[in-house]
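Single-structure report; data block below.
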Amino acid sequence: MTRILVTGGAGYIGSHTCVELLNAGYDVVVLDNLSNSSVEALQRVEALTAKKLTFIEGDIRDAACLDQVFASHLIDAVIHFAGLKAVGESQQIPLAYFENNVTGSLSLVQAMQRAGVYRLVFSSSATVYGEMNPSPYQETMPTGMPSNNYGYTKLVVEQMLEKAALADEKWSIALLRYFNPVGAHQSGQIGEDPQGIPNNLMPYLTQVAVGRRPLLSIFGNDYPTQDGTCERDFIHVVDLAKAHVLAIQNRLNNVGCRAWNIGTGNAISVQQIKDTFEQVNGVEIPFEYAPRRAGDLASFYADPSRAQQELGWHAELTLEDMLRDSWNWQKQNPKGYQS
Ligand code: NAD
Ligand code: WQD
């Protein structure tokens with residue numbers, strides 16, 4: 001049976017990907033230091049799939065730990081989610097971001113090389129396109145200069161992986177450039193569980209809906225967009241998780257380093273998110289218009305046609321599905337995995 005090491009597998013996107021991998025018949029080994037997640041998520045993954053996975057609590061920066069993992073489990077390929085992801089925090093503590101995301105990724109690929117494992121799917125981000133490219137973003141566009149340190153770490157790791165693959169044709173690497181992941185598993189059993197005050201729109205909105213926060217601030221309503229609020233390409237986390245299974249299948253049969261956009265191709269505004277959430281779920285969201293947030297782009301979205309052509313992937317779930325499933329998760333778990 002094909003065995004996949006999933007770093008950061010207890011996290012938001014990782015846990016949903018574990019479900020899809022187990023359902024597709026893969027063996028799953030998760031390595032996570034639980035710095036931003038709970039082992040409860042993995043217990044729920046096992047309950048949802050009625051399958052077992054192997055969990056190792058450990059850090060991707062720990063070479064001895066990685067060597068031990070590769071020595072004791074015959075790993076065929078790696079999906080690498082582990083890292084830090086808060087944009088604002090990355091401006092305050094840049095070195096922690098470089099250490100976790102860049103040094104951590106380097107440590108992982110070095111351990112893979114030592115173990116003779118050359119197939120990797122990396123969690124990248126649309127942020128690598130920077131400010132200079134017009135939407136829809138296409139993989140053939142040159143990458144730009146991300147406006148924050150978090151985004152910069154993703155760009156550095158992408159470039160490191162590209163260079164490694166150029167130098168050694170044994171590597172087979174997928175760079176998956178996610179747009180804005182939202183939603184949760186349809187069961188409401190696993191979902192996004194941010195610590196502290198959420199930075200991202202959807203967890204903030206659902207925490208307002210459940211009464212944990214008084215109102216949603218919409219950052220800016222004077223952008224040059226259809227309704228003046230920012231537009232993003234929101235993608236259901238289950239569609240995103242399925243893209244990883246297809247990327248693994250692709251990487252088991254190809255070499256080189258290749259990037260794919262994982263988005264729907266639709267630009268949805270912040271206002272539309274709030275209004276549609278209210279309609280779909282029958283919940284009112286108190287809100288205010290607030291000043292623009294520093295660093296936000298007015299609008300960006302994917303051209304996902306390469307993923308369709310080469311991976312056979314396209315987003316299947318609708319905006320309504322995203323909003324219903326986000327609410328279903330939050331409603332059932334008002335305090336996340338602690339409730
Ligand atoms: P998450 O924080 O829920 O998951 C990351 C997981 O990695 C957590 O379980 C955390 O405990 C673990 N981790 C962190 N540092 C580690 C380390 N040094 N060693 C071992 N484990 C470690 O985040 P997520 O939203 O699931 O994101 C997963 C990946 O996708 C990240 O690399 C993120 O940068 C990337 N990404 C996320 C988004 C998004 O909006 N959520 C968008 C684009 C890319
Ligand atoms: C979306 C829109 C906000 C909160 C970030 C990272 C990106 C990727 C995904 C990866 C913006 C507005 C938000 C709120 C609001 N991360 N907003 N009120 O900034 O597009 O992307 O997450 O790991 O790299 O930059 O996502 O959800 O923060 O914001 O009005 O309380 O919602 O201004 O227009 P963003 P987001």
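Identifiers for the structure tokens are assigned positionally: chains receive A, B, ... in sequence, residues are indexed from 1 per chain, and ligands are indexed from 1 in the order shown.
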Residues near A:Leu120, cut-off 8 Å, only C-alpha atoms, skip fewer than 3 positions along chain, as a VMD selection string: chain A and resid 77 to 80 171 to 174 248 251
Cut-off 6 Å, only C-alpha atoms and all ligand atoms, neighbours of ligand 2 as a VMD selection string: chain A and resid 85 87 125 127 151 180 199 to 201 204 216 to 219 230 270 293 296
Output of the above residues as a short mmCIF file (atom, residue, chain, number, x, y, z; two decimals), in the first residue's frame, restricted to all heavy atoms:
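And here is the file that came out, selection-v3.cif:
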```
data_model
loop_
_atom_site.label_atom_id
_atom_site.label_comp_id
_atom_site.auth_asym_id
_atom_site.auth_seq_id
_atom_site.Cartn_x
_atom_site.Cartn_y
_atom_site.Cartn_z
N LYS A 85 1.53 30.40 9.60
CA LYS A 85 0.77 30.97 8.48
C LYS A 85 0.11 32.32 8.77
O LYS A 85 -0.69 32.78 7.95
CB LYS A 85 -0.29 29.98 8.03
CG LYS A 85 -1.32 29.68 9.11
CD LYS A 85 -2.58 29.07 8.55
CE LYS A 85 -3.62 28.86 9.63
NZ LYS A 85 -4.89 28.39 9.15
N VAL A 87 -0.16 36.05 8.67
CA VAL A 87 0.51 37.14 7.94
C VAL A 87 0.98 38.25 8.88
O VAL A 87 2.14 38.68 8.82
CB VAL A 87 -0.46 37.69 6.88
CG1 VAL A 87 0.05 38.99 6.29
CG2 VAL A 87 -0.67 36.65 5.78
N SER A 125 1.16 29.12 -1.95
CA SER A 125 0.09 30.10 -1.77
C SER A 125 0.04 31.03 -2.97
O SER A 125 1.08 31.34 -3.58
CB SER A 125 0.37 30.89 -0.49
OG SER A 125 -0.45 32.02 -0.43
N THR A 127 -0.09 33.95 -2.83
CA THR A 127 0.68 35.14 -2.47
C THR A 127 2.00 35.23 -3.25
O THR A 127 2.55 36.32 -3.41
CB THR A 127 0.93 35.16 -0.94
OG1 THR A 127 1.53 36.38 -0.58
CG2 THR A 127 1.83 34.04 -0.48
N GLY A 151 4.42 35.33 3.12
CA GLY A 151 4.40 35.04 1.68
C GLY A 151 5.80 34.86 1.13
O GLY A 151 6.04 34.01 0.27
N ASN A 180 -7.98 31.03 -1.33
CA ASN A 180 -8.45 31.27 0.06
C ASN A 180 -9.29 30.09 0.56
O ASN A 180 -10.50 30.04 0.31
CB ASN A 180 -9.26 32.57 0.12
CG ASN A 180 -8.36 33.80 0.03
OD1 ASN A 180 -7.64 33.98 -0.93
ND2 ASN A 180 -8.41 34.65 1.04
N ASN A 199 -7.41 35.91 12.18
CA ASN A 199 -6.95 36.89 11.20
C ASN A 199 -7.80 36.84 9.94
O ASN A 199 -7.98 37.84 9.26
CB ASN A 199 -5.51 36.57 10.75
CG ASN A 199 -4.56 36.52 11.93
OD1 ASN A 199 -4.39 37.52 12.60
ND2 ASN A 199 -3.97 35.37 12.18
N ASN A 200 -8.27 35.66 9.61
CA ASN A 200 -8.92 35.46 8.32
C ASN A 200 -10.43 35.70 8.41
O ASN A 200 -11.04 35.57 9.47
CB ASN A 200 -8.64 34.03 7.80
CG ASN A 200 -7.16 33.81 7.54
OD1 ASN A 200 -6.53 33.00 8.20
ND2 ASN A 200 -6.59 34.54 6.60
N LEU A 201 -10.98 36.03 7.27
CA LEU A 201 -12.38 36.44 7.21
C LEU A 201 -13.35 35.37 7.74
O LEU A 201 -14.21 35.65 8.58
CB LEU A 201 -12.73 36.79 5.75
CG LEU A 201 -14.17 37.13 5.48
CD1 LEU A 201 -14.60 38.39 6.23
CD2 LEU A 201 -14.40 37.30 3.97
N TYR A 204 -13.44 34.52 11.46
CA TYR A 204 -13.92 35.70 12.20
C TYR A 204 -15.44 35.79 12.08
O TYR A 204 -16.16 35.97 13.07
CB TYR A 204 -13.24 36.99 11.68
CG TYR A 204 -13.29 38.08 12.72
CD1 TYR A 204 -12.16 38.38 13.49
CD2 TYR A 204 -14.48 38.77 13.00
CE1 TYR A 204 -12.21 39.34 14.48
CE2 TYR A 204 -14.54 39.72 13.99
CZ TYR A 204 -13.40 40.02 14.72
OH TYR A 204 -13.46 40.96 15.72
N LEU A 216 -18.54 41.96 12.80
CA LEU A 216 -17.52 41.79 11.76
C LEU A 216 -17.14 43.16 11.22
O LEU A 216 -18.03 43.96 10.89
CB LEU A 216 -18.11 40.94 10.62
CG LEU A 216 -17.23 40.80 9.37
CD1 LEU A 216 -16.02 39.90 9.65
CD2 LEU A 216 -18.03 40.25 8.19
N SER A 217 -15.85 43.43 11.15
CA SER A 217 -15.38 44.64 10.46
C SER A 217 -15.04 44.26 9.03
O SER A 217 -14.23 43.35 8.81
CB SER A 217 -14.12 45.20 11.13
OG SER A 217 -14.43 45.63 12.43
N ILE A 218 -15.66 44.94 8.08
CA ILE A 218 -15.31 44.74 6.67
C ILE A 218 -14.26 45.78 6.34
O ILE A 218 -14.52 46.99 6.40
CB ILE A 218 -16.55 44.86 5.76
CG1 ILE A 218 -17.51 43.70 6.06
CG2 ILE A 218 -16.14 44.88 4.29
CD1 ILE A 218 -18.74 43.65 5.16
N PHE A 219 -13.06 45.30 6.03
CA PHE A 219 -11.92 46.20 5.85
C PHE A 219 -11.94 46.84 4.46
O PHE A 219 -11.41 46.27 3.51
CB PHE A 219 -10.60 45.45 6.07
CG PHE A 219 -10.45 44.86 7.45
CD1 PHE A 219 -9.92 43.59 7.62
CD2 PHE A 219 -10.84 45.58 8.58
CE1 PHE A 219 -9.77 43.04 8.89
CE2 PHE A 219 -10.69 45.03 9.86
CZ PHE A 219 -10.17 43.76 10.01
N CYS A 230 -13.17 43.99 -1.01
CA CYS A 230 -12.15 43.16 -1.68
C CYS A 230 -12.77 41.88 -2.23
O CYS A 230 -13.76 41.35 -1.69
CB CYS A 230 -11.06 42.77 -0.69
SG CYS A 230 -9.98 44.11 -0.23
N VAL A 270 -16.05 40.31 -0.21
CA VAL A 270 -16.26 40.16 1.23
C VAL A 270 -17.74 40.43 1.56
O VAL A 270 -18.36 39.71 2.36
CB VAL A 270 -15.33 41.13 2.00
CG1 VAL A 270 -15.60 41.06 3.50
CG2 VAL A 270 -13.86 40.80 1.72
N ARG A 293 -7.35 47.34 5.35
CA ARG A 293 -6.28 46.67 6.10
C ARG A 293 -4.99 46.78 5.28
O ARG A 293 -5.02 46.51 4.06
CB ARG A 293 -6.67 45.20 6.30
CG ARG A 293 -5.75 44.41 7.20
CD ARG A 293 -6.29 43.00 7.45
NE ARG A 293 -6.25 42.15 6.27
CZ ARG A 293 -6.58 40.85 6.26
NH1 ARG A 293 -7.01 40.26 7.37
NH2 ARG A 293 -6.53 40.15 5.14
N ASP A 296 -3.60 44.61 1.84
CA ASP A 296 -4.63 43.87 1.09
C ASP A 296 -4.64 44.30 -0.37
O ASP A 296 -4.62 45.49 -0.68
CB ASP A 296 -6.02 44.14 1.68
CG ASP A 296 -6.35 43.22 2.84
OD1 ASP A 296 -5.70 42.17 2.99
OD2 ASP A 296 -7.27 43.57 3.61
#
```
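We find atom 39 (C, counted along the ligand's line) of ligand 1 and atom CA of A:Val237 to be spaced 9.3 Å apart.
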Contact table chain A vs ligand 1, cut-off 7 Å, shortest pair per residue, only C-alpha atoms and all ligand atoms, as CSV:
```
residue,atom,partner,partner_atom_place_in_ligand_line,distance
A:Thr7,CA,ligand 1,21 (N),6.0
A:Gly8,CA,ligand 1,7 (O),3.4
A:Gly9,CA,ligand 1,9 (O),5.9
A:Ala10,CA,ligand 1,9 (O),4.4
A:Gly11,CA,ligand 1,3 (O),3.4
A:Tyr12,CA,ligand 1,26 (O),3.7
A:Ile13,CA,ligand 1,26 (O),3.7
A:Gly14,CA,ligand 1,26 (O),5.3
A:Leu31,CA,ligand 1,20 (C),6.1
A:Asp32,CA,ligand 1,21 (N),3.7
A:Asn33,CA,ligand 1,21 (N),4.2
A:Leu34,CA,ligand 1,11 (O),3.6
A:Ser35,CA,ligand 1,11 (O),3.9
A:Asn36,CA,ligand 1,11 (O),3.8
A:Ser37,CA,ligand 1,9 (O),4.4
A:Gly58,CA,ligand 1,20 (C),5.8
A:Asp59,CA,ligand 1,19 (N),3.5
A:Ile60,CA,ligand 1,19 (N),4.2
A:Arg61,CA,ligand 1,18 (N),5.8
A:Phe81,CA,ligand 1,29 (C),4.0
A:Ala82,CA,ligand 1,7 (O),3.4
A:Gly83,CA,ligand 1,15 (N),3.9
A:Leu84,CA,ligand 1,14 (C),5.4
A:Lys85,CA,ligand 1,34 (O),4.5
A:Asn100,CA,ligand 1,18 (N),5.0
A:Gly104,CA,ligand 1,18 (N),5.9
A:Ser123,CA,ligand 1,30 (O),4.7
A:Ser124,CA,ligand 1,44 (C),5.1
A:Ser125,CA,ligand 1,43 (C),4.2
A:Ala126,CA,ligand 1,43 (C),6.9
A:Arg177,CA,ligand 1,43 (C),6.8
A:Tyr178,CA,ligand 1,43 (C),4.7
A:Phe179,CA,ligand 1,42 (C),6.1
A:Asn180,CA,ligand 1,40 (O),5.3
A:Pro181,CA,ligand 1,40 (O),5.2
A:Glu192,CA,ligand 1,3 (O),6.8
```
All alpha helix (DSSP H) positions in stretch 17-145 of chain A, as a ChimeraX atom specification: /A:17-23,39-49,63-72,87-92,94-97,104-115
Residue neighbourhood A:Arg3, 6 Å, only C-alpha atoms, exclusion window fewer than 5 positions, as a PyMOL selection string: chain A and resi 26-28+75-76
Nearest residue to A:Glu169 from the set A:Gly228, A:Pro94, A:Lys242, A:Cys257 (distances using only C-alpha atoms): A:Cys257
Strand (DSSP E or B) residues, from DSSP on the backbone, in stretch 39-285 of chain A, as an MDAnalysis selection string: chainID A and resid 54:57 77:80 119:125 137 172:178 180:182 216:219 231:232 234:236 256:262 268:269
Got time to write the residues from that selection, N, CA and C atoms, as a compact mmCIF listing (two decimals), in the first residue's frame?
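Output below, filename part-v3.txt:
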```
# COMPACT_ATOMS: atom_id res chain seq x y z
N THR A 54 -1.16 6.76 11.57
CA THR A 54 -0.09 6.79 12.56
C THR A 54 0.23 8.24 12.86
N PHE A 55 0.22 8.58 14.15
CA PHE A 55 0.57 9.97 14.52
C PHE A 55 1.88 10.00 15.27
N ILE A 56 2.78 10.88 14.84
CA ILE A 56 4.04 11.09 15.55
C ILE A 56 4.11 12.56 15.93
N GLU A 57 4.24 12.83 17.23
CA GLU A 57 4.40 14.22 17.65
C GLU A 57 5.87 14.59 17.48
N ALA A 77 5.85 8.99 -0.37
CA ALA A 77 5.75 10.40 -0.77
C ALA A 77 5.37 11.23 0.45
N VAL A 78 5.63 12.53 0.34
CA VAL A 78 5.38 13.43 1.47
C VAL A 78 4.45 14.56 1.02
N ILE A 79 3.48 14.89 1.87
CA ILE A 79 2.70 16.13 1.68
C ILE A 79 3.09 17.03 2.83
N HIS A 80 3.58 18.21 2.49
CA HIS A 80 4.21 19.09 3.48
C HIS A 80 3.35 20.33 3.77
N ARG A 119 9.40 12.25 -3.65
CA ARG A 119 8.10 12.75 -4.13
C ARG A 119 7.48 13.64 -3.06
N LEU A 120 7.17 14.86 -3.46
CA LEU A 120 6.75 15.86 -2.47
C LEU A 120 5.64 16.75 -3.03
N VAL A 121 4.64 16.98 -2.19
CA VAL A 121 3.61 17.99 -2.51
C VAL A 121 3.74 19.09 -1.47
N PHE A 122 3.97 20.30 -1.93
CA PHE A 122 4.21 21.43 -1.02
C PHE A 122 3.03 22.40 -1.03
N SER A 123 2.64 22.83 0.20
CA SER A 123 1.57 23.83 0.38
C SER A 123 2.11 25.20 0.07
N SER A 124 1.87 25.68 -1.13
CA SER A 124 2.27 27.05 -1.43
C SER A 124 1.03 27.93 -1.41
N SER A 125 1.16 29.12 -1.95
CA SER A 125 0.09 30.10 -1.77
C SER A 125 0.04 31.03 -2.97
N TYR A 137 -4.62 34.82 -12.04
CA TYR A 137 -3.23 34.38 -11.98
C TYR A 137 -3.07 33.06 -12.74
N SER A 172 10.44 14.72 -7.67
CA SER A 172 9.14 14.96 -8.28
C SER A 172 8.32 15.79 -7.30
N ILE A 173 8.17 17.06 -7.62
CA ILE A 173 7.63 18.01 -6.64
C ILE A 173 6.42 18.75 -7.21
N ALA A 174 5.36 18.83 -6.42
CA ALA A 174 4.18 19.63 -6.78
C ALA A 174 4.14 20.85 -5.88
N LEU A 175 4.02 22.02 -6.49
CA LEU A 175 3.80 23.25 -5.72
C LEU A 175 2.32 23.58 -5.88
N LEU A 176 1.55 23.40 -4.83
CA LEU A 176 0.12 23.72 -4.94
C LEU A 176 -0.10 25.12 -4.38
N ARG A 177 -0.53 26.02 -5.25
CA ARG A 177 -0.74 27.42 -4.85
C ARG A 177 -2.21 27.61 -4.50
N TYR A 178 -2.46 27.58 -3.18
CA TYR A 178 -3.84 27.69 -2.71
C TYR A 178 -4.29 29.14 -2.80
N ASN A 180 -7.98 31.03 -1.33
CA ASN A 180 -8.45 31.27 0.06
C ASN A 180 -9.29 30.09 0.56
N PRO A 181 -8.67 29.17 1.28
CA PRO A 181 -9.40 27.99 1.75
C PRO A 181 -10.41 28.35 2.85
N VAL A 182 -11.61 27.86 2.71
CA VAL A 182 -12.67 28.05 3.71
C VAL A 182 -13.51 26.77 3.77
N LEU A 216 -18.54 41.96 12.80
CA LEU A 216 -17.52 41.79 11.76
C LEU A 216 -17.14 43.16 11.22
N SER A 217 -15.85 43.43 11.15
CA SER A 217 -15.38 44.64 10.46
C SER A 217 -15.04 44.26 9.03
N ILE A 218 -15.66 44.94 8.08
CA ILE A 218 -15.31 44.74 6.67
C ILE A 218 -14.26 45.78 6.34
N PHE A 219 -13.06 45.30 6.03
CA PHE A 219 -11.92 46.20 5.85
C PHE A 219 -11.94 46.84 4.46
N GLU A 231 -12.13 41.36 -3.27
CA GLU A 231 -12.58 40.10 -3.87
C GLU A 231 -11.47 39.05 -3.75
N ARG A 232 -11.89 37.82 -3.43
CA ARG A 232 -10.95 36.71 -3.31
C ARG A 232 -11.54 35.47 -3.98
N PHE A 234 -12.39 32.12 -3.04
CA PHE A 234 -12.59 31.21 -1.90
C PHE A 234 -12.77 29.79 -2.42
N ILE A 235 -12.07 28.87 -1.76
CA ILE A 235 -12.08 27.47 -2.22
C ILE A 235 -12.42 26.56 -1.04
N HIS A 236 -13.34 25.65 -1.26
CA HIS A 236 -13.76 24.73 -0.18
C HIS A 236 -12.59 23.82 0.19
N GLY A 256 10.33 16.09 -11.93
CA GLY A 256 10.43 17.54 -12.11
C GLY A 256 9.63 18.28 -11.06
N CYS A 257 9.58 19.59 -11.22
CA CYS A 257 8.85 20.44 -10.26
C CYS A 257 7.80 21.22 -11.04
N ARG A 258 6.56 21.17 -10.59
CA ARG A 258 5.48 21.78 -11.34
C ARG A 258 4.54 22.50 -10.38
N ALA A 259 4.09 23.69 -10.78
CA ALA A 259 3.14 24.46 -9.95
C ALA A 259 1.73 24.34 -10.49
N TRP A 260 0.77 24.29 -9.57
CA TRP A 260 -0.65 24.30 -9.95
C TRP A 260 -1.43 25.25 -9.05
N ASN A 261 -2.25 26.08 -9.66
CA ASN A 261 -3.20 26.90 -8.89
C ASN A 261 -4.34 26.02 -8.41
N ILE A 262 -4.70 26.19 -7.13
CA ILE A 262 -5.87 25.48 -6.62
C ILE A 262 -6.88 26.52 -6.14
N ILE A 268 -15.09 36.44 -5.47
CA ILE A 268 -16.24 36.66 -4.59
C ILE A 268 -15.86 37.77 -3.60
N SER A 269 -16.76 38.73 -3.42
CA SER A 269 -16.41 39.86 -2.55
C SER A 269 -16.70 39.54 -1.08
```
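Excluding A:Asn23 and any residue on its chain fewer than 2 positions from it, the residues at most 10 Å away by only C-alpha atoms are Thr17, Cys18, Val19, Glu20, Leu21, Gly25, Tyr26, Asp27, Leu48, Thr49, Ala50 and Lys51 of chain A.
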